[in-house]
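**Q** First, the structure itself, so that you have it in front of you.
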Amino acid sequence: TPLYELPRVAERLGVARVLLKDESSRLGLPAFKMLGASWAVAYAVRRQWLPEVEGVLSPAQLGEALRDRESKRLVAATDGNHGRGVARMAKLLGVSCLILVPEGLAASRIEAIESEGAEVRIVPGSYDDAIRRSAAEADENSIVVSDTSWDGYRDIPRQVTNGYSTMFSEVDDALREAGLDRPTVVALQAGVGSFAAAGLQHYRAQNAPAPRPRTAIVEPLTADCLFRSAQAGELTEAPPPHPSTMAGLNCGLPSQLTWPTVQRAADVFIGIDDDAAYEAMR
């Protein structure tokens with residue numbers, strides 16, 4: 001996906017250069033979430049349903065290798081784009097899909113998930129309630145593909161974060177091809193923290209070239225669970241309701257898996273209101 005330069009924004013902020021990674025068309029979907037969903041689904045399917053299969057296979061080839069595809073199902077909780085990514089993978093594999101969403105999710109987001117052929121079920125309460133409900137759906141024929149973790153469930157969310165790392169490798173390649181220096185500040189949006197952790201792991205890796213950029217974690221003011229956790233020094237909930245229009249970031253609890261990375265590697269935590277998001281979108 002393209003890396004755009006925004007000279008007017010840079011001028012307004014009084015900095016040399018601002019670059020924006022445009023994830024509005026990733027693998028045919030309007031969000032970066034497909035990176036994590038595709039990687040995690042492929043990992044989970046191979047581990048649970050195809051442990052004997054070797055070699056690099058496309059999603060379609062993975063689907064063809066499955067026995068009794070009609071009995072297989074992918075499950076995820078979402079407030080938008082992660083669920084649609086899982087649903088797209090289910091369609092590519094030829095298996096069924098159940099996506100659980102919190103009440104109040106915009107009809108357009110539900111329709112987008114349904115357009116991938118998935119069943120959408122509305123769960124009373126918040127995104128975190130939908131996460132808890134999705135965990136109960138796991139069985140030998142149903143794989144839960146979540147981008148957040150809980151006790152006893154870490155391997156798949158770890159693969160979601162690994163999938164997101166693709167984006168930062170692309171940024172490095174684009175900067176190198178353009179003859180530009182590495183960034184001095186990286187702003188990472190955050191819901192439960194899986195995407196932010198991927199960025200932090202990339203720029204804080206032991207072999208990452210110096211100088212290492214400062215890192216800023218950005219959340220909605222009404223769902224600032226990472227900000228609150230940083231203040232408290234431990235996992236802390238941002239209590240519902242979470243009414244922000246930044247639906248994909250409306251998460252009340254950080255991921256157990258990625259919080260240690262965020263706590264250790266992030267420099268600044270920022271909460272923003274919806275007006276700031278509207279202005280940035282324009």
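Each chain in the structure tokens gets a letter, A, B, ..., in the order shown, and its residues are numbered from 1; ligands are numbered from 1 in order too.
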With only C-alpha atoms as the counted atoms, please give the residues lying no more than 7 Å from stretch 89-104 of chain A, apart from itself and same-chain residues fewer than 4 positions off, as a ChimeraX atom specification.
**A** /A:38,59-60,62-63,69-70,72-79,83,85,116-127,130,134
**Q** Using only C-alpha atoms, which residues of stretch 199-245 of chain A come within 12 Å of stretch 148-162 of chain A, and what is the closest atom pair for each, with the distance in Å to one decimal? Give it as JSON lines, sorted by chain and residue number.
**A**
```
{"residue": "A:Gly199", "atom": "CA", "partner": "A:Thr161", "partner_atom": "CA", "distance": 9.0}
{"residue": "A:Leu200", "atom": "CA", "partner": "A:Thr161", "partner_atom": "CA", "distance": 10.6}
{"residue": "A:Gln201", "atom": "CA", "partner": "A:Thr161", "partner_atom": "CA", "distance": 9.5}
{"residue": "A:His202", "atom": "CA", "partner": "A:Asn162", "partner_atom": "CA", "distance": 10.1}
```
**Q** Which residues in stretch 111-175 of chain A does DSSP call strand (DSSP E)? List them as a count of residues only.
**A** 8
**Q** Residues within 12 Å of A:Arg282, please, as a list of chain:residue names. Count only C-alpha atoms; anything in the same chain fewer than 6 positions from it doesn't count.
**A**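 Neighbouring residues, sequence-local ones excluded: A:Val9, A:Asp275, A:Ala276.
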**Q** Mind giving me the straight-line distance from atom CA of A:Ile131 to atom CA of A:Ala37 in Å, one decimal?
**A**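 Spanning atom CA of A:Ile131 to atom CA of A:Ala37 is a straight-line distance of 15.4 Å.
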**Q** Of the candidates A:Leu19, A:Val56, A:Ala112, A:Val145, which one gets nearest to A:Val86 if we count only C-alpha atoms?
**A**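 Looking at the shortest contact to A:Val86, the residue is A:Val145.
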**Q** Give me every helix (DSSP H, G or I) residue in stretch 67-150 of chain A, going by DSSP on the backbone, as a PyMOL selection string.
**A** chain A and resi 69-71+81-93+107-114+127-135
